[in-house]
Amino acid sequence: MITEVQFEKELEIIIENAIREDVGDGDHSSLACIPKGAIGKAQLLVKDTGIIAGVAFAERVFKYIEPSIKITVLIKDGTEVKHGDVVLTVEGTSHAILKAERLILNVMQRMSAIATKTKYYTGLLEGTNTKILDTRKTTPGIRALEKWAVKIGGGVNHRFALYDMIMLKDNHIDFSGGITKAIEKTHTYLKETGRDLKIIIEARDLKEIREILNSDGIHRILIDNFTFEDTRKAILMINGKCQIESSGGINEKTLRSYAECGVDYISSGALTHSVYNMDLSLKAF
């Protein structure tokens, strides 16, 4: 994953762009009927069940819009919530609260859904040594938030983007002329550019694993769309030489069986691309 400094910058960009997109030259609904400086109070209500996520992000948004706003957090990120729970209360100008409302709800509803699904998947892996990974199958522009939600739910972040890890997948291998050539070219590139990036390489079958194992400097082998039987064979072949990641169509019904084969990681795009938003609302009181 990216550094904490880079992550913070991503959050700044997301907030700035979201406010630009939503507020434009002014919240004319509020400007039309609510006096400037009028003080209001609101509470963030849960209308669903699951793991709450995005509370810390909501604090950032409120403070970005109005630094003097008062926020009282009653339920922290990563907590299991139920219908009727109050996550936080806020007191400040009504204009600021209304400017922040939709951005906060949109983000927290999605982050909570991702955290809830991740928590469920980590529960399925309980008792094994396998960890669940996210992927780059995220919503453009808000990847930092979705990966943050995975961490809140107990998952592990995979690479953030194309620039923080080398991941040689099937198309890279085919375009470069094969596994060995792809690895050799990668090592040369890293040496010439002075970059220290971990290398993950995808294997489509046991034959490709054998070829990968002839090369040094591989951090992890991604075994993609393997059967349980071939996964176990792959683990015996690799024999601790590098980390092992399973992927490809693995769902809640097969997740634990792949983990019990002995892989280090299972990556799942479903954590971020197949979730249903948690129902939340922000209500004046």
# chains A, B, ... in the order shown; residues from 1 in each chain; ligands from 1

$ residues_around --residues "Arg220 of chain A" --least-positions-apart "5" --cutoff "6 Å" --atoms "only C-alpha atoms" --output "number ranges by chain"
A: 200, 242-244

$ residues_around --residues "Leu125 of chain A" --least-positions-apart "4" --cutoff "8 Å" --atoms "only C-alpha atoms" --output "list in words"
Tyr121, Asn129, Thr130, Lys131, Leu255, Arg256 and Ala259 of chain A

$ closest_atom_pairs --of "segment 54-81 of chain A" --to "segment 148-161 of chain A" --cutoff "12 Å" --atoms "only C-alpha atoms" --output "JSON lines"
{"residue": "A:Gly54", "atom": "CA", "partner": "A:Ala149", "partner_atom": "CA", "distance": 7.3}
{"residue": "A:Val55", "atom": "CA", "partner": "A:Ala149", "partner_atom": "CA", "distance": 10.6}
{"residue": "A:Ala56", "atom": "CA", "partner": "A:Trp148", "partner_atom": "CA", "distance": 10.6}
{"residue": "A:Phe57", "atom": "CA", "partner": "A:Trp148", "partner_atom": "CA", "distance": 9.9}
{"residue": "A:Lys76", "atom": "CA", "partner": "A:Ile152", "partner_atom": "CA", "distance": 10.3}
{"residue": "A:Asp77", "atom": "CA", "partner": "A:Ile152", "partner_atom": "CA", "distance": 6.7}
{"residue": "A:Gly78", "atom": "CA", "partner": "A:Ile152", "partner_atom": "CA", "distance": 5.3}
{"residue": "A:Thr79", "atom": "CA", "partner": "A:Ile152", "partner_atom": "CA", "distance": 9.1}
{"residue": "A:Glu80", "atom": "CA", "partner": "A:Gly153", "partner_atom": "CA", "distance": 10.1}

$ select_by_dssp --residues "segment 106-273 of chain A" --states "helix (DSSP H, G or I)" --output "PyMOL selection string"
chain A and resi 106-124+143-152+170-176+179-193+206-212+228-238+255-261+270-273

$ write_last_selection --atoms "C-alpha atoms" --output "compact mmCIF listing (two decimals), in the first residue's frame"
# COMPACT_ATOMS: atom_id res chain seq x y z
CA ASN A 106 -22.85 8.64 0.29
CA VAL A 107 -19.39 7.73 1.56
CA MET A 108 -20.37 6.22 4.89
CA GLN A 109 -23.12 4.08 3.35
CA ARG A 110 -20.65 2.58 0.89
CA MET A 111 -17.74 2.28 3.32
CA SER A 112 -20.00 0.57 5.86
CA ALA A 113 -21.20 -1.91 3.25
CA ILE A 114 -17.61 -2.77 2.31
CA ALA A 115 -16.54 -3.07 5.96
CA THR A 116 -19.54 -5.30 6.67
CA LYS A 117 -18.78 -7.65 3.80
CA THR A 118 -15.09 -7.74 4.69
CA LYS A 119 -15.90 -8.56 8.30
CA TYR A 120 -18.12 -11.42 7.12
CA TYR A 121 -15.35 -12.79 4.90
CA THR A 122 -12.75 -12.55 7.67
CA GLY A 123 -15.15 -14.45 9.90
CA LEU A 124 -15.29 -17.26 7.34
CA ARG A 143 -10.23 4.02 -4.05
CA ALA A 144 -8.61 5.32 -0.85
CA LEU A 145 -11.99 5.28 0.91
CA GLU A 146 -12.91 1.80 -0.26
CA LYS A 147 -9.55 0.34 0.74
CA TRP A 148 -9.84 2.14 4.08
CA ALA A 149 -13.19 0.42 4.58
CA VAL A 150 -11.60 -2.98 3.90
CA LYS A 151 -9.07 -2.32 6.68
CA ILE A 152 -11.85 -1.24 9.04
CA ASP A 170 -1.46 -12.93 -17.93
CA ASN A 171 -1.43 -10.05 -20.42
CA HIS A 172 1.94 -8.76 -19.18
CA ILE A 173 3.37 -12.25 -19.59
CA ASP A 174 1.92 -12.74 -23.07
CA PHE A 175 2.89 -9.25 -24.29
CA SER A 176 6.48 -9.66 -23.08
CA ILE A 179 7.13 -15.78 -17.91
CA THR A 180 10.92 -15.92 -17.82
CA LYS A 181 11.32 -12.97 -20.17
CA ALA A 182 8.78 -10.94 -18.18
CA ILE A 183 10.65 -11.58 -14.94
CA GLU A 184 14.07 -10.86 -16.43
CA LYS A 185 12.86 -7.61 -17.99
CA THR A 186 11.26 -6.60 -14.70
CA HIS A 187 14.46 -7.12 -12.71
CA THR A 188 16.37 -5.10 -15.30
CA TYR A 189 13.81 -2.31 -15.18
CA LEU A 190 13.88 -2.10 -11.39
CA LYS A 191 17.68 -2.01 -11.37
CA GLU A 192 17.91 0.64 -14.08
CA THR A 193 15.26 2.88 -12.48
CA LEU A 206 1.16 -25.82 -12.50
CA LYS A 207 3.54 -25.70 -15.46
CA GLU A 208 3.79 -21.93 -15.15
CA ILE A 209 4.51 -22.27 -11.42
CA ARG A 210 7.46 -24.53 -12.22
CA GLU A 211 8.82 -21.91 -14.59
CA ILE A 212 8.34 -19.08 -12.08
CA PHE A 228 -8.68 -27.11 -4.76
CA GLU A 229 -6.57 -30.07 -5.86
CA ASP A 230 -4.22 -27.97 -7.99
CA THR A 231 -4.02 -25.34 -5.25
CA ARG A 232 -2.73 -27.98 -2.83
CA LYS A 233 -0.25 -29.20 -5.45
CA ALA A 234 0.93 -25.62 -6.05
CA ILE A 235 1.56 -25.10 -2.34
CA LEU A 236 3.70 -28.23 -2.19
CA MET A 237 5.66 -27.11 -5.26
CA ILE A 238 6.28 -23.60 -3.94
CA LEU A 255 -13.49 -19.12 0.48
CA ARG A 256 -12.75 -21.31 3.48
CA SER A 257 -11.94 -24.38 1.36
CA TYR A 258 -9.24 -22.42 -0.49
CA ALA A 259 -7.91 -21.13 2.84
CA GLU A 260 -7.73 -24.66 4.20
CA CYS A 261 -5.50 -25.58 1.26
CA ALA A 270 -16.35 -8.63 -4.47
CA LEU A 271 -15.34 -6.77 -1.31
CA THR A 272 -15.57 -3.49 -3.23
CA HIS A 273 -17.51 -4.12 -6.43

$ atom_distance --atom1 "atom CA of Asn251 of chain A" --atom2 "atom CA of Leu105 of chain A"
28.2 Å

$ select_by_dssp --residues "segment 49-113 of chain A" --states "strand (DSSP E)" --output "VMD selection string"
chain A and resid 50 to 51 70 to 73 80 to 81 86 to 93

$ write_last_selection --atoms "N, CA and C atoms" --output "CSV table (one decimal), in the first residue's frame"
chain,number,residue,atom,x,y,z
A,50,GLY,N,-24.9,-3.9,10.6
A,50,GLY,CA,-23.6,-4.2,10.0
A,50,GLY,C,-22.5,-3.5,10.7
A,51,ILE,N,-21.4,-3.3,10.0
A,51,ILE,CA,-20.2,-2.6,10.6
A,51,ILE,C,-20.1,-1.2,10.1
A,70,LYS,N,-18.9,21.4,16.0
A,70,LYS,CA,-18.7,20.5,17.1
A,70,LYS,C,-19.2,19.1,16.8
A,71,ILE,N,-18.4,18.1,16.9
A,71,ILE,CA,-18.8,16.8,16.5
A,71,ILE,C,-18.6,15.9,17.8
A,72,THR,N,-19.6,15.1,18.1
A,72,THR,CA,-19.5,14.1,19.2
A,72,THR,C,-19.7,12.8,18.6
A,73,VAL,N,-18.6,12.0,18.6
A,73,VAL,CA,-18.7,10.6,18.0
A,73,VAL,C,-19.1,9.7,19.1
A,80,GLU,N,-20.0,-2.9,15.3
A,80,GLU,CA,-21.2,-3.4,14.8
A,80,GLU,C,-22.4,-2.6,15.3
A,81,VAL,N,-23.2,-2.2,14.3
A,81,VAL,CA,-24.4,-1.3,14.6
A,81,VAL,C,-25.7,-2.0,14.2
A,86,VAL,N,-27.3,5.8,17.1
A,86,VAL,CA,-26.9,7.1,16.7
A,86,VAL,C,-25.3,7.1,16.7
A,87,VAL,N,-24.8,7.3,15.5
A,87,VAL,CA,-23.3,7.2,15.3
A,87,VAL,C,-22.6,8.5,15.8
A,88,LEU,N,-23.2,9.6,15.5
A,88,LEU,CA,-22.6,10.9,16.0
A,88,LEU,C,-23.6,12.0,16.0
A,89,THR,N,-23.3,13.0,16.7
A,89,THR,CA,-24.1,14.3,16.6
A,89,THR,C,-23.2,15.4,16.2
A,90,VAL,N,-23.7,16.4,15.6
A,90,VAL,CA,-23.0,17.6,15.1
A,90,VAL,C,-23.7,18.8,15.4
A,91,GLU,N,-23.0,19.9,15.8
A,91,GLU,CA,-23.6,21.2,16.0
A,91,GLU,C,-22.7,22.3,15.3
A,92,GLY,N,-23.4,23.1,14.5
A,92,GLY,CA,-22.7,24.1,13.8
A,92,GLY,C,-23.7,24.9,13.0
A,93,THR,N,-23.2,25.7,12.0
A,93,THR,CA,-24.2,26.4,11.2
A,93,THR,C,-25.0,25.4,10.3

$ atom_distance --atom1 "atom CA of Ala58 of chain A" --atom2 "atom CA of Thr139 of chain A"
18.7 Å

$ closest_residue --among "A:Ser247, A:Asn277, A:Gln6, A:Gln43" --to "Tyr265 of chain A" --atoms "only C-alpha atoms"
A:Ser247

$ residues_around --residues "Thr135 of chain A" --least-positions-apart "2" --cutoff "7 Å" --atoms "only C-alpha atoms" --output "MDAnalysis selection string"
chainID A and resid 133 137 158 267:269

$ residues_around --residues "Cys33 of chain A" --least-positions-apart "4" --cutoff "12 Å" --atoms "only C-alpha atoms" --output "JSON, numbers by chain"
{"A": [27, 28, 29, 38, 94, 95]}

$ write_last_selection --atoms "all heavy atoms" --output "PDB file, in the first residue's frame"
ATOM      1  N   ASP A  27     -24.867  26.362  -2.195  1.00  0.00           N
ATOM      2  CA  ASP A  27     -26.032  25.540  -1.856  1.00  0.00           C
ATOM      3  C   ASP A  27     -27.240  26.475  -1.825  1.00  0.00           C
ATOM      4  O   ASP A  27     -27.618  27.008  -0.780  1.00  0.00           O
ATOM      5  CB  ASP A  27     -25.813  24.860  -0.498  1.00  0.00           C
ATOM      6  CG  ASP A  27     -27.057  24.135   0.001  1.00  0.00           C
ATOM      7  OD1 ASP A  27     -28.021  23.977  -0.779  1.00  0.00           O
ATOM      8  OD2 ASP A  27     -27.066  23.735   1.187  1.00  0.00           O
ATOM      9  N   HIS A  28     -27.830  26.688  -2.979  1.00  0.00           N
ATOM     10  CA  HIS A  28     -28.870  27.706  -3.097  1.00  0.00           C
ATOM     11  C   HIS A  28     -30.159  27.337  -2.362  1.00  0.00           C
ATOM     12  O   HIS A  28     -30.935  28.225  -1.992  1.00  0.00           O
ATOM     13  CB  HIS A  28     -29.131  28.013  -4.568  1.00  0.00           C
ATOM     14  CG  HIS A  28     -27.921  28.530  -5.267  1.00  0.00           C
ATOM     15  ND1 HIS A  28     -27.293  29.693  -4.880  1.00  0.00           N
ATOM     16  CD2 HIS A  28     -27.187  28.024  -6.303  1.00  0.00           C
ATOM     17  CE1 HIS A  28     -26.243  29.913  -5.662  1.00  0.00           C
ATOM     18  NE2 HIS A  28     -26.150  28.907  -6.520  1.00  0.00           N
ATOM     19  N   SER A  29     -30.395  26.042  -2.132  1.00  0.00           N
ATOM     20  CA  SER A  29     -31.568  25.637  -1.354  1.00  0.00           C
ATOM     21  C   SER A  29     -31.463  26.167   0.064  1.00  0.00           C
ATOM     22  O   SER A  29     -32.422  26.713   0.625  1.00  0.00           O
ATOM     23  CB  SER A  29     -31.682  24.104  -1.331  1.00  0.00           C
ATOM     24  OG  SER A  29     -31.774  23.593  -2.641  1.00  0.00           O
ATOM     25  N   ALA A  38     -27.128  30.796  11.165  1.00  0.00           N
ATOM     26  CA  ALA A  38     -28.092  30.068  11.988  1.00  0.00           C
ATOM     27  C   ALA A  38     -27.480  28.746  12.435  1.00  0.00           C
ATOM     28  O   ALA A  38     -26.892  28.020  11.637  1.00  0.00           O
ATOM     29  CB  ALA A  38     -29.382  29.815  11.209  1.00  0.00           C
ATOM     30  N   SER A  94     -26.231  25.674  10.177  1.00  0.00           N
ATOM     31  CA  SER A  94     -27.090  24.787   9.389  1.00  0.00           C
ATOM     32  C   SER A  94     -26.562  24.652   7.967  1.00  0.00           C
ATOM     33  O   SER A  94     -26.648  23.577   7.354  1.00  0.00           O
ATOM     34  CB  SER A  94     -28.519  25.322   9.376  1.00  0.00           C
ATOM     35  OG  SER A  94     -29.038  25.387  10.687  1.00  0.00           O
ATOM     36  N   HIS A  95     -26.022  25.743   7.432  1.00  0.00           N
ATOM     37  CA  HIS A  95     -25.476  25.711   6.077  1.00  0.00           C
ATOM     38  C   HIS A  95     -24.344  24.681   5.965  1.00  0.00           C
ATOM     39  O   HIS A  95     -24.278  23.924   4.990  1.00  0.00           O
ATOM     40  CB  HIS A  95     -24.958  27.099   5.690  1.00  0.00           C
ATOM     41  CG  HIS A  95     -26.034  28.058   5.327  1.00  0.00           C
ATOM     42  ND1 HIS A  95     -25.849  29.123   4.481  1.00  0.00           N
ATOM     43  CD2 HIS A  95     -27.345  28.122   5.698  1.00  0.00           C
ATOM     44  CE1 HIS A  95     -26.978  29.800   4.341  1.00  0.00           C
ATOM     45  NE2 HIS A  95     -27.901  29.213   5.082  1.00  0.00           N
TER      46      HIS A  95
END

$ residues_around --residues "Leu162 of chain A" --least-positions-apart "5" --cutoff "12 Å" --atoms "only C-alpha atoms" --output "list in words"
Met1, Ile2, Thr135, Arg136, Met167, Leu168, Leu197, Lys198 and Ile199 of chain A

$ closest_residue --among "A:Asp279, A:Glu202, A:Glu245, A:Glu16" --to "Gly141 of chain A" --atoms "only C-alpha atoms"
A:Glu16

$ closest_residue --among "A:Ile97, A:Leu282, A:Leu213, A:Leu103" --to "Gly40 of chain A" --atoms "only C-alpha atoms"
A:Ile97
